[in-house]
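Below: my_file04.pdb (PDB, C-alpha atoms)
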```
MODEL        1
ATOM      1  CA  MET A 948       0.000   0.000   0.000
ATOM      2  CA  LEU A 949       1.305   3.445  -0.903
ATOM      3  CA  VAL A 950       0.543   6.290   1.522
ATOM      4  CA  ALA A 951       1.447   9.858   0.579
ATOM      5  CA  THR A 952       1.231  13.338   2.063
ATOM      6  CA  TRP A 953       1.073  16.563   0.067
ATOM      7  CA  ASN A 954       0.463  20.201   0.929
ATOM      8  CA  ILE A 955      -1.494  20.945  -2.240
ATOM      9  CA  ASN A 956      -1.787  24.733  -1.649
ATOM     10  CA  SER A 957      -5.388  24.933  -2.951
ATOM     11  CA  VAL A 958      -7.030  21.730  -4.086
ATOM     12  CA  ARG A 959      -9.400  23.548  -6.425
ATOM     13  CA  ALA A 960      -6.499  25.178  -8.258
ATOM     14  CA  ARG A 961      -4.563  21.909  -8.468
ATOM     15  CA  VAL A 962      -7.132  19.130  -8.617
ATOM     16  CA  ASP A 963      -5.904  18.116 -12.083
ATOM     17  CA  ARG A 964      -2.354  17.787 -10.780
ATOM     18  CA  ALA A 965      -3.569  15.790  -7.784
ATOM     19  CA  THR A 966      -5.579  13.318  -9.846
ATOM     20  CA  ALA A 967      -2.802  12.988 -12.423
ATOM     21  CA  PHE A 968      -0.397  12.222  -9.590
ATOM     22  CA  LEU A 969      -2.697   9.521  -8.233
ATOM     23  CA  GLU A 970      -3.057   7.927 -11.654
ATOM     24  CA  ARG A 971       0.668   8.032 -12.336
ATOM     25  CA  SER A 972       1.913   6.966  -8.912
ATOM     26  CA  GLY A 973      -0.671   4.411  -7.875
ATOM     27  CA  VAL A 974      -0.877   5.955  -4.403
ATOM     28  CA  ASP A 975      -3.660   4.343  -2.363
ATOM     29  CA  VAL A 976      -4.035   6.953   0.382
ATOM     30  CA  LEU A 977      -3.236  10.642  -0.059
ATOM     31  CA  ALA A 978      -3.244  13.047   2.874
ATOM     32  CA  LEU A 979      -3.722  16.620   1.667
ATOM     33  CA  GLN A 980      -3.063  19.868   3.529
ATOM     34  CA  GLU A 981      -3.876  23.509   2.835
ATOM     35  CA  THR A 982      -6.871  22.658   0.675
ATOM     36  CA  LYS A 983      -8.077  26.266   1.059
ATOM     37  CA  CYS A 984     -11.794  25.592   0.689
ATOM     38  CA  LYS A 985     -14.948  24.943   2.650
ATOM     39  CA  ASP A 986     -16.321  21.407   2.751
ATOM     40  CA  GLU A 987     -19.001  22.180   0.177
ATOM     41  CA  GLN A 988     -16.357  23.564  -2.211
ATOM     42  CA  PHE A 989     -14.099  20.498  -2.225
ATOM     43  CA  PRO A 990     -13.928  18.917  -5.715
ATOM     44  CA  HIS A 991     -15.035  15.390  -4.820
ATOM     45  CA  GLU A 992     -16.026  14.260  -8.296
ATOM     46  CA  PRO A 993     -12.590  14.014  -9.974
ATOM     47  CA  PHE A 994     -11.287  11.856  -7.129
ATOM     48  CA  GLU A 995     -14.397   9.705  -6.968
ATOM     49  CA  ALA A 996     -14.205   9.133 -10.718
ATOM     50  CA  LEU A 997     -10.860   7.417 -10.075
ATOM     51  CA  GLY A 998     -12.323   5.208  -7.340
ATOM     52  CA  TYR A 999     -11.240   7.247  -4.310
ATOM     53  CA  GLN A1000     -13.290   8.305  -1.310
ATOM     54  CA  VAL A1001     -12.733  11.684   0.333
ATOM     55  CA  ALA A1002     -12.878  12.950   3.913
ATOM     56  CA  HIS A1003     -12.311  16.688   4.259
ATOM     57  CA  VAL A1004     -12.596  19.491   6.765
ATOM     58  CA  GLY A1005     -12.364  23.121   5.733
ATOM     59  CA  HIS A1006     -14.011  26.235   7.116
ATOM     60  CA  SER A1007     -12.754  29.019   4.844
ATOM     61  CA  GLN A1008     -10.210  29.890   2.167
ATOM     62  CA  TRP A1009      -7.418  29.101   4.651
ATOM     63  CA  ASN A1010      -6.054  25.832   6.049
ATOM     64  CA  GLY A1011      -8.117  22.714   5.280
ATOM     65  CA  VAL A1012      -7.055  19.052   5.388
ATOM     66  CA  ALA A1013      -8.267  15.948   3.607
ATOM     67  CA  ILE A1014      -7.711  12.224   3.190
ATOM     68  CA  VAL A1015      -8.268  10.646  -0.209
ATOM     69  CA  SER A1016      -8.358   6.837  -0.214
ATOM     70  CA  ARG A1017      -9.180   3.924  -2.497
ATOM     71  CA  VAL A1018      -8.795   1.376   0.310
ATOM     72  CA  GLY A1019     -11.660   2.679   2.439
ATOM     73  CA  ILE A1020     -12.269   5.573   4.828
ATOM     74  CA  GLU A1021     -13.679   4.609   8.209
ATOM     75  CA  ASP A1022     -14.129   6.294  11.583
ATOM     76  CA  VAL A1023     -13.413   9.815  10.349
ATOM     77  CA  GLU A1024     -12.345  12.136  13.156
ATOM     78  CA  VAL A1025     -11.992  15.903  12.798
ATOM     79  CA  GLY A1026      -9.326  17.220  15.157
ATOM     80  CA  PHE A1027      -7.434  15.198  17.757
ATOM     81  CA  PRO A1028      -8.230  15.150  21.484
ATOM     82  CA  GLY A1029      -7.082  18.320  23.234
ATOM     83  CA  MET A1030      -6.336  20.215  20.020
ATOM     84  CA  PRO A1031      -6.005  23.948  20.856
ATOM     85  CA  THR A1032      -8.197  26.629  19.382
ATOM     86  CA  TRP A1033      -7.276  29.897  17.693
ATOM     87  CA  GLY A1034      -8.880  33.189  16.757
ATOM     88  CA  ASP A1035     -11.516  35.553  18.113
ATOM     89  CA  PRO A1036     -13.809  33.891  18.877
ATOM     90  CA  ALA A1037     -11.496  30.945  19.514
ATOM     91  CA  GLN A1038     -12.314  27.851  17.484
ATOM     92  CA  ALA A1039     -10.687  24.658  16.284
ATOM     93  CA  GLU A1040      -9.041  25.280  12.926
ATOM     94  CA  ALA A1041      -9.176  22.833  10.013
ATOM     95  CA  ARG A1042      -5.705  21.416  10.650
ATOM     96  CA  ALA A1043      -6.195  17.737  11.504
ATOM     97  CA  ILE A1044      -8.328  14.911  10.174
ATOM     98  CA  GLY A1045      -7.974  11.208  10.864
ATOM     99  CA  ALA A1046      -9.451   8.125   9.227
ATOM    100  CA  THR A1047      -8.768   4.410   9.057
ATOM    101  CA  CYS A1048      -7.715   3.447   5.539
ATOM    102  CA  GLY A1049      -6.780  -0.135   4.719
ATOM    103  CA  GLY A1050      -6.218  -0.841   8.397
ATOM    104  CA  VAL A1051      -3.970   2.185   8.967
ATOM    105  CA  ARG A1052      -5.080   5.121  11.078
ATOM    106  CA  VAL A1053      -3.961   8.040   8.896
ATOM    107  CA  TRP A1054      -3.809  11.582  10.234
ATOM    108  CA  SER A1055      -3.437  14.463   7.779
ATOM    109  CA  LEU A1056      -1.844  17.296   9.744
ATOM    110  CA  TYR A1057      -1.226  20.935   8.932
ATOM    111  CA  VAL A1058       0.819  22.277  11.840
ATOM    112  CA  PRO A1059       0.424  26.025  12.511
ATOM    113  CA  ASN A1060       3.118  28.163  10.907
ATOM    114  CA  GLY A1061       4.004  30.197  13.976
ATOM    115  CA  ARG A1062       4.577  33.381  11.936
ATOM    116  CA  GLU A1063       7.183  35.133  14.110
ATOM    117  CA  ILE A1064       8.908  34.035  17.297
ATOM    118  CA  ASP A1065       7.279  36.826  19.335
ATOM    119  CA  ASP A1066       3.826  36.297  17.773
ATOM    120  CA  PRO A1067       1.002  34.616  19.769
ATOM    121  CA  HIS A1068       0.708  32.227  16.830
ATOM    122  CA  PHE A1069       4.116  30.806  17.784
ATOM    123  CA  THR A1070       2.838  29.941  21.252
ATOM    124  CA  TYR A1071      -0.251  28.412  19.644
ATOM    125  CA  LYS A1072       2.010  26.299  17.410
ATOM    126  CA  LEU A1073       3.905  24.898  20.396
ATOM    127  CA  GLU A1074       0.682  24.221  22.301
ATOM    128  CA  TRP A1075      -0.774  22.495  19.231
ATOM    129  CA  LEU A1076       2.263  20.234  18.917
ATOM    130  CA  ALA A1077       2.253  19.426  22.646
ATOM    131  CA  ALA A1078      -1.397  18.418  22.456
ATOM    132  CA  LEU A1079      -0.682  16.259  19.404
ATOM    133  CA  LYS A1080       2.140  14.521  21.269
ATOM    134  CA  ASP A1081      -0.150  13.786  24.205
ATOM    135  CA  ALA A1082      -2.871  12.424  21.922
ATOM    136  CA  ALA A1083      -0.404  10.328  19.925
ATOM    137  CA  ALA A1084       1.137   8.882  23.089
ATOM    138  CA  GLY A1085      -2.342   8.058  24.353
ATOM    139  CA  TRP A1086      -3.160   6.071  21.223
ATOM    140  CA  LEU A1087      -0.129   3.866  21.789
ATOM    141  CA  THR A1088      -0.884   3.462  25.484
ATOM    142  CA  ALA A1089      -4.378   2.297  24.595
ATOM    143  CA  ASP A1090      -3.098  -0.042  21.865
ATOM    144  CA  PRO A1091       0.665  -0.608  21.500
ATOM    145  CA  ALA A1092       0.002  -2.449  18.222
ATOM    146  CA  ALA A1093      -1.914   0.458  16.689
ATOM    147  CA  GLN A1094      -1.099   1.250  13.062
ATOM    148  CA  VAL A1095      -0.887   5.068  13.107
ATOM    149  CA  ALA A1096       0.527   7.479  10.516
ATOM    150  CA  LEU A1097       1.010  11.136  11.472
ATOM    151  CA  VAL A1098       1.779  12.782   8.147
ATOM    152  CA  GLY A1099       1.651  16.267   6.746
ATOM    153  CA  ASP A1100       3.181  19.713   6.671
ATOM    154  CA  TRP A1101       4.848  20.129  10.062
ATOM    155  CA  ASN A1102       6.223  23.629   9.421
ATOM    156  CA  ILE A1103       9.410  22.546  11.218
ATOM    157  CA  ALA A1104      12.844  21.744   9.795
ATOM    158  CA  PRO A1105      14.193  19.264  12.375
ATOM    159  CA  LEU A1106      17.845  19.402  11.253
ATOM    160  CA  ASP A1107      20.132  22.236  10.161
ATOM    161  CA  THR A1108      20.554  20.477   6.809
ATOM    162  CA  ASP A1109      16.775  20.584   6.298
ATOM    163  CA  VAL A1110      17.121  24.223   5.196
ATOM    164  CA  TRP A1111      19.341  25.699   2.534
ATOM    165  CA  ASP A1112      21.053  28.196   4.835
ATOM    166  CA  MET A1113      20.767  28.302   8.617
ATOM    167  CA  ALA A1114      22.187  31.825   8.666
ATOM    168  CA  TRP A1115      19.179  33.041   6.655
ATOM    169  CA  PHE A1116      16.855  31.521   9.267
ATOM    170  CA  ALA A1117      18.515  33.218  12.247
ATOM    171  CA  GLY A1118      15.757  34.698  14.401
ATOM    172  CA  ARG A1119      13.016  33.036  12.337
ATOM    173  CA  THR A1120      10.557  30.252  13.025
ATOM    174  CA  HIS A1121      10.740  26.644  11.784
ATOM    175  CA  VAL A1122      14.246  26.032  13.162
ATOM    176  CA  THR A1123      14.069  27.193  16.790
ATOM    177  CA  PRO A1124      15.054  24.837  19.619
ATOM    178  CA  ALA A1125      11.488  24.987  20.977
ATOM    179  CA  GLU A1126       9.952  23.876  17.680
ATOM    180  CA  ARG A1127      12.513  21.146  17.164
ATOM    181  CA  ALA A1128      11.975  19.890  20.713
ATOM    182  CA  ALA A1129       8.228  19.777  20.114
ATOM    183  CA  PHE A1130       8.826  17.760  16.946
ATOM    184  CA  ALA A1131      11.261  15.403  18.694
ATOM    185  CA  ALA A1132       8.690  14.796  21.437
ATOM    186  CA  ILE A1133       6.628  12.799  18.934
ATOM    187  CA  ALA A1134       9.552  10.385  18.660
ATOM    188  CA  GLU A1135       9.816  10.277  22.443
ATOM    189  CA  ALA A1136       6.154   9.206  22.455
ATOM    190  CA  GLY A1137       7.170   6.137  20.458
ATOM    191  CA  TYR A1138       6.915   7.157  16.805
ATOM    192  CA  THR A1139       9.546   7.001  14.031
ATOM    193  CA  GLU A1140       9.943   9.559  11.258
ATOM    194  CA  VAL A1141      10.118   6.902   8.564
ATOM    195  CA  SER A1142      10.799   9.130   5.557
ATOM    196  CA  ARG A1143      14.082  10.113   7.257
ATOM    197  CA  VAL A1144      14.962   6.444   7.745
ATOM    198  CA  HIS A1145      14.558   5.708   4.043
ATOM    199  CA  VAL A1146      15.622   9.095   2.603
ATOM    200  CA  PRO A1147      18.455  10.203   4.904
ATOM    201  CA  ALA A1148      20.293  12.381   2.364
ATOM    202  CA  GLU A1149      21.075  15.874   3.630
ATOM    203  CA  HIS A1150      19.764  18.969   1.837
ATOM    204  CA  THR A1151      16.848  16.952   0.472
ATOM    205  CA  TYR A1152      13.822  19.242   0.462
ATOM    206  CA  THR A1153      10.030  19.042   0.161
ATOM    207  CA  TYR A1154       9.208  22.775  -0.085
ATOM    208  CA  TRP A1155      10.536  25.679  -2.140
ATOM    209  CA  ASP A1156       9.060  29.192  -1.979
ATOM    210  CA  TYR A1157       7.701  30.611  -5.232
ATOM    211  CA  GLN A1158       9.771  33.773  -4.872
ATOM    212  CA  GLN A1159      13.382  34.547  -5.810
ATOM    213  CA  LEU A1160      13.830  31.451  -7.989
ATOM    214  CA  ARG A1161      14.091  29.320  -4.879
ATOM    215  CA  PHE A1162      13.317  26.055  -6.687
ATOM    216  CA  PRO A1163      15.838  26.408  -9.545
ATOM    217  CA  LYS A1164      18.441  27.421  -6.952
ATOM    218  CA  ASN A1165      17.384  24.515  -4.693
ATOM    219  CA  LYS A1166      16.856  26.843  -1.754
ATOM    220  CA  GLY A1167      14.319  24.641  -0.032
ATOM    221  CA  MET A1168      13.185  23.169   3.268
ATOM    222  CA  ARG A1169      12.319  19.679   4.448
ATOM    223  CA  ILE A1170       9.129  20.209   6.413
ATOM    224  CA  ASP A1171       6.734  17.548   5.034
ATOM    225  CA  LEU A1172       7.328  14.585   7.319
ATOM    226  CA  THR A1173       5.915  11.171   8.190
ATOM    227  CA  TYR A1174       5.801   9.771  11.707
ATOM    228  CA  ALA A1175       4.684   6.144  12.119
ATOM    229  CA  SER A1176       3.785   4.105  15.183
ATOM    230  CA  PRO A1177       6.060   1.124  15.949
ATOM    231  CA  ALA A1178       3.743  -1.425  14.335
ATOM    232  CA  LEU A1179       3.389   0.658  11.191
ATOM    233  CA  ALA A1180       7.054   1.698  11.036
ATOM    234  CA  ALA A1181       7.999  -1.976  10.930
ATOM    235  CA  ARG A1182       5.944  -2.323   7.739
ATOM    236  CA  VAL A1183       7.404   0.674   5.890
ATOM    237  CA  GLN A1184       9.783  -0.747   3.305
ATOM    238  CA  GLY A1185      10.621   2.443   1.441
ATOM    239  CA  ALA A1186       9.945   6.138   0.966
ATOM    240  CA  HIS A1187      10.594   8.743  -1.672
ATOM    241  CA  ILE A1188      10.081  12.441  -2.314
ATOM    242  CA  GLU A1189       8.339  13.361  -5.574
ATOM    243  CA  ARG A1190      10.560  16.341  -6.396
ATOM    244  CA  ASP A1191       9.365  16.596 -10.005
ATOM    245  CA  GLU A1192       5.905  17.657  -8.797
ATOM    246  CA  ARG A1193       7.422  21.084  -8.099
ATOM    247  CA  LYS A1194       7.957  21.473 -11.862
ATOM    248  CA  GLY A1195       5.503  22.266 -14.643
ATOM    249  CA  LYS A1196       2.377  24.406 -14.762
ATOM    250  CA  GLN A1197       0.993  25.840 -11.514
ATOM    251  CA  PRO A1198       2.761  23.534  -9.067
ATOM    252  CA  SER A1199       2.250  23.597  -5.337
ATOM    253  CA  ASP A1200       5.226  24.959  -3.439
ATOM    254  CA  HIS A1201       5.384  21.555  -1.676
ATOM    255  CA  VAL A1202       5.842  18.086  -3.175
ATOM    256  CA  PRO A1203       4.443  14.697  -2.117
ATOM    257  CA  VAL A1204       6.265  12.355   0.239
ATOM    258  CA  VAL A1205       5.340   8.711  -0.403
ATOM    259  CA  LEU A1206       5.619   5.710   1.925
ATOM    260  CA  ASP A1207       5.641   2.125   0.667
ATOM    261  CA  VAL A1208       3.872   0.032   3.312
ATOM    262  CA  ALA A1209       4.128  -3.757   3.184
ATOM    263  CA  GLN A1210       0.831  -5.587   3.434
ATOM    264  CA  ASP A1211       1.905  -8.106   6.074
ATOM    265  CA  GLY A1212       4.483  -8.055   8.835
ATOM    266  CA  PRO A1213       7.747  -6.173   9.357
ATOM    267  CA  ALA A1214       9.439  -5.076   6.183
ATOM    268  CA  SER A1215      12.366  -2.903   7.232
ATOM    269  CA  ALA A1216      15.543  -4.491   8.535
ATOM    270  CA  THR A1217      16.733  -1.034   9.535
ATOM    271  CA  LEU A1218      13.751  -0.542  11.828
ATOM    272  CA  ARG A1219      13.923  -4.068  13.243
ATOM    273  CA  ALA A1220      17.606  -3.758  14.165
TER     274      ALA A1220
ENDMDL
END
```
Encoding of this model in structure tokens:
Amino acid sequence: MLVATWNINSVRARVDRATAFLERSGVDVLALQETKCKDEQFPHEPFEALGYQVAHVGHSQWNGVAIVSRVGIEDVEVGFPGMPTWGDPAQAEARAIGATCGGVRVWSLYVPNGREIDDPHFTYKLEWLAALKDAAAGWLTADPAAQVALVGDWNIAPLDTDVWDMAWFAGRTHVTPAERAAFAAIAEAGYTEVSRVHVPAEHTYTYWDYQQLRFPKNKGMRIDLTYASPALAARVQGAHIERDERKGKQPSDHVPVVLDVAQDGPASATLRA
């Protein structure tokens, strides 16, 4: 089974690219972020025509997350337990949706950006990540054999080599010790970032800004990441980053990250060791 995550940066603007990717890649489950539409605006028909079901949550032209699956969508859950709210009036944003697809509990996550280090949104980001860690740890406490995938746009570059130039990021979000600690806490809860296991190469990116020719200059960031529970991590036998999706007409500024999940039993000697 192939499971992918992709910040699509407006599903209505890029539905043709998304469906073409599904047809070309054979991906079974696609977690989408930043769909930028309300539920009633989501373009279900092109996905359904290919045999996929859709679960989506979106409240406005911002945020929005979805799961697109051809191996079933069961027990859809909008938001995880304890997820913080934002805004005035405060409400839960469309940043997390979970569903069981082919026996795997997939969570499509769009972690808050944080904006600036002294912005309240940065505090919200850290609180959001802490609540996610607590929820994720709770799922494993309840069922150590749970098959859980926490995938999406984390808006964090965990390593210095996950950005093109650490000096440029001095005083900016995405690389602060607090954000990196919040990301690492997911591993401390028992999860493995499996795309790193299978694609360990440094300066390998998943996002390039549209401005200043960042993509041709390869000035990118690795912020689209894939945590897996122990039982699921043992089944991941490969991963790859679809860099070519950043090319062509009207690309997203992110590209898909794809996991190859074995149907039965442990598949990765690296993870078993």
Problem - Who sits within 8 Å of Arg961 in chain A, all atoms listed in the file, same chain under 3 positions skipped, as an MDAnalysis selection string - result: chainID A and resid 955:958 964:965 1197:1199
Exercise for the section: Fewer than 2 positions away in the same chain doesn't count, so skip those; otherwise give me all residues within 8 Å of range 1035-1050 of chain A, counting only C-alpha atoms, as JSON, numbers by chain. Expected result: {"A": [976, 980, 1002, 1003, 1004, 1005, 1006, 1010, 1011, 1012, 1013, 1014, 1016, 1018, 1019, 1020, 1021, 1022, 1023, 1024, 1025, 1026, 1027, 1030, 1031, 1032, 1033, 1052, 1053, 1054, 1055, 1056, 1057, 1058, 1059, 1094]}
Exercise for the section: Kindly indicate which residue among A:Gly1167, A:Val1183, A:Glu992, A:Arg971 lies nearest to Met1113 in chain A, using only C-alpha atoms for the distances. Expected result: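 For Met1113 in chain A, the nearest of the candidates is A:Gly1167.
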Practice task
Tell me, in Å to one decimal, how far CA of Val1202 in chain A is from CA of Thr1153 in chain A.
Solution key: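 A separation of 5.4 Å between them.
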Exercise for the section: Could you please determine the separation between CA of Gly1137 in chain A and CA of Val1122 in chain A in Å, to one decimal place? Expected result: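 Those two atoms sit 22.3 Å apart.
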Problem - Of the listed residues A:His1068, A:Lys985, A:Arg959, A:His1145, that which approaches Ala1180 in chain A most closely, counting only C-alpha atoms - result: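 Smallest separation from Ala1180 in chain A among the options: A:His1145.
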Problem - Within 10 Å of file point (8.8, 33.7, 17.9), counting all atoms listed in the file, expressed as a list in words - result: Gly1061, Arg1062, Glu1063, Ile1064, Asp1065, Asp1066, Pro1067, His1068, Phe1069, Thr1070, Gly1118, Arg1119, Thr1120, His1121, Thr1123, Ala1125 and Glu1126 of chain A
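Closest approach to Val1110 in chain A among A:Lys1166, A:His991, A:His1201, A:His1187: A:Lys1166, based on all atoms listed in the file.
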On this structure, the PyMOL selection byres ((chain A and resi 999) around 8) would catch which residues? List them as a short mmCIF file (atom, residue, chain, number, x, y, z; two decimals) with C-alpha atoms, in the coordinates of the input, sorted by chain and number.
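result_10.cif was written with the following content:
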```
data_model
loop_
_atom_site.label_atom_id
_atom_site.label_comp_id
_atom_site.auth_asym_id
_atom_site.auth_seq_id
_atom_site.Cartn_x
_atom_site.Cartn_y
_atom_site.Cartn_z
CA PHE A 994 -11.29 11.86 -7.13
CA GLU A 995 -14.40 9.70 -6.97
CA ALA A 996 -14.20 9.13 -10.72
CA LEU A 997 -10.86 7.42 -10.07
CA GLY A 998 -12.32 5.21 -7.34
CA GLN A 1000 -13.29 8.30 -1.31
CA VAL A 1001 -12.73 11.68 0.33
CA VAL A 1015 -8.27 10.65 -0.21
CA SER A 1016 -8.36 6.84 -0.21
CA ARG A 1017 -9.18 3.92 -2.50
CA VAL A 1018 -8.80 1.38 0.31
#
```
Problem - Atomic distance CA of Ile1170 in chain A - CA of Pro1105 in chain A, expressed in Å with one decimal - result: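 These two atoms are separated by 7.9 Å.
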Practice task
Would you write out, as number ranges by chain, every residue that the PyMOL selection byres ((chain A and resi 1179) around 8) captures in this file?
Solution key: A: 1051, 1093-1096, 1175-1178, 1180-1183, 1208
Exercise for the section: Determine the nearest neighbour of Ile1188 in chain A from the options A:Ile1103, A:Met948, A:Ser972, A:Thr1108, counting only C-alpha atoms. Expected result: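 Of A:Ile1103, A:Met948, A:Ser972, A:Thr1108, the one nearest Ile1188 in chain A is A:Ser972, counting only C-alpha atoms.
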Problem - Pick from A:Ala1136, A:Ala1209, A:Val1098, A:Leu969, whichever lies nearest to Leu1172 in chain A using only C-alpha atoms - result: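 Under the stated criterion, the closest residue is A:Val1098.
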Please complete range 960-980 of chain A so it has N, CA, C and O atoms, and hand it over as a short mmCIF file (atom, residue, chain, number, x, y, z; two decimals), in the coordinates of the input.
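Writing the result to part-v5.cif gives the following:
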```cif
data_model
loop_
_atom_site.label_atom_id
_atom_site.label_comp_id
_atom_site.auth_asym_id
_atom_site.auth_seq_id
_atom_site.Cartn_x
_atom_site.Cartn_y
_atom_site.Cartn_z
N ALA A 960 -7.42 24.70 -7.22
CA ALA A 960 -6.50 25.18 -8.26
C ALA A 960 -5.66 24.04 -8.83
O ALA A 960 -5.17 24.14 -9.97
N ARG A 961 -5.51 22.96 -8.06
CA ARG A 961 -4.56 21.91 -8.47
C ARG A 961 -5.18 20.52 -8.47
O ARG A 961 -4.48 19.52 -8.36
N VAL A 962 -6.49 20.44 -8.61
CA VAL A 962 -7.13 19.13 -8.62
C VAL A 962 -6.65 18.28 -9.78
O VAL A 962 -6.47 17.06 -9.64
N ASP A 963 -6.39 18.89 -10.94
CA ASP A 963 -5.90 18.12 -12.08
C ASP A 963 -4.52 17.54 -11.80
O ASP A 963 -4.22 16.40 -12.19
N ARG A 964 -3.68 18.30 -11.14
CA ARG A 964 -2.35 17.79 -10.78
C ARG A 964 -2.49 16.66 -9.76
O ARG A 964 -1.77 15.65 -9.84
N ALA A 965 -3.40 16.81 -8.81
CA ALA A 965 -3.57 15.79 -7.78
C ALA A 965 -4.06 14.48 -8.38
O ALA A 965 -3.54 13.40 -8.06
N THR A 966 -5.06 14.55 -9.25
CA THR A 966 -5.58 13.32 -9.85
C THR A 966 -4.57 12.70 -10.81
O THR A 966 -4.44 11.47 -10.87
N ALA A 967 -3.84 13.53 -11.53
CA ALA A 967 -2.80 12.99 -12.42
C ALA A 967 -1.72 12.28 -11.61
O ALA A 967 -1.20 11.23 -12.02
N PHE A 968 -1.38 12.85 -10.46
CA PHE A 968 -0.40 12.22 -9.59
C PHE A 968 -0.90 10.87 -9.11
O PHE A 968 -0.15 9.88 -9.10
N LEU A 969 -2.15 10.79 -8.70
CA LEU A 969 -2.70 9.52 -8.23
C LEU A 969 -2.67 8.47 -9.34
O LEU A 969 -2.31 7.31 -9.10
N GLU A 970 -3.05 8.87 -10.53
CA GLU A 970 -3.06 7.93 -11.65
C GLU A 970 -1.64 7.45 -11.98
O GLU A 970 -1.42 6.27 -12.26
N ARG A 971 -0.71 8.37 -11.96
CA ARG A 971 0.67 8.03 -12.34
C ARG A 971 1.36 7.21 -11.27
O ARG A 971 2.09 6.26 -11.58
N SER A 972 1.14 7.56 -10.00
CA SER A 972 1.91 6.97 -8.91
C SER A 972 1.31 5.70 -8.34
O SER A 972 2.01 4.87 -7.76
N GLY A 973 -0.01 5.55 -8.49
CA GLY A 973 -0.67 4.41 -7.88
C GLY A 973 -0.83 4.53 -6.37
O GLY A 973 -1.06 3.53 -5.69
N VAL A 974 -0.71 5.73 -5.84
CA VAL A 974 -0.88 5.96 -4.40
C VAL A 974 -2.29 5.54 -3.97
O VAL A 974 -3.27 5.87 -4.64
N ASP A 975 -2.37 4.82 -2.86
CA ASP A 975 -3.66 4.34 -2.36
C ASP A 975 -4.33 5.33 -1.41
O ASP A 975 -5.54 5.45 -1.39
N VAL A 976 -3.51 5.99 -0.59
CA VAL A 976 -4.04 6.95 0.38
C VAL A 976 -3.22 8.23 0.28
O VAL A 976 -1.99 8.19 0.38
N LEU A 977 -3.90 9.35 0.08
CA LEU A 977 -3.24 10.64 -0.06
C LEU A 977 -3.78 11.59 1.00
O LEU A 977 -4.97 11.90 1.00
N ALA A 978 -2.89 12.03 1.89
CA ALA A 978 -3.24 13.05 2.87
C ALA A 978 -2.92 14.42 2.28
O ALA A 978 -1.79 14.66 1.86
N LEU A 979 -3.89 15.29 2.24
CA LEU A 979 -3.72 16.62 1.67
C LEU A 979 -3.80 17.67 2.77
O LEU A 979 -4.57 17.54 3.72
N GLN A 980 -3.01 18.72 2.62
CA GLN A 980 -3.06 19.87 3.53
C GLN A 980 -3.21 21.16 2.72
O GLN A 980 -2.88 21.20 1.55
#
```
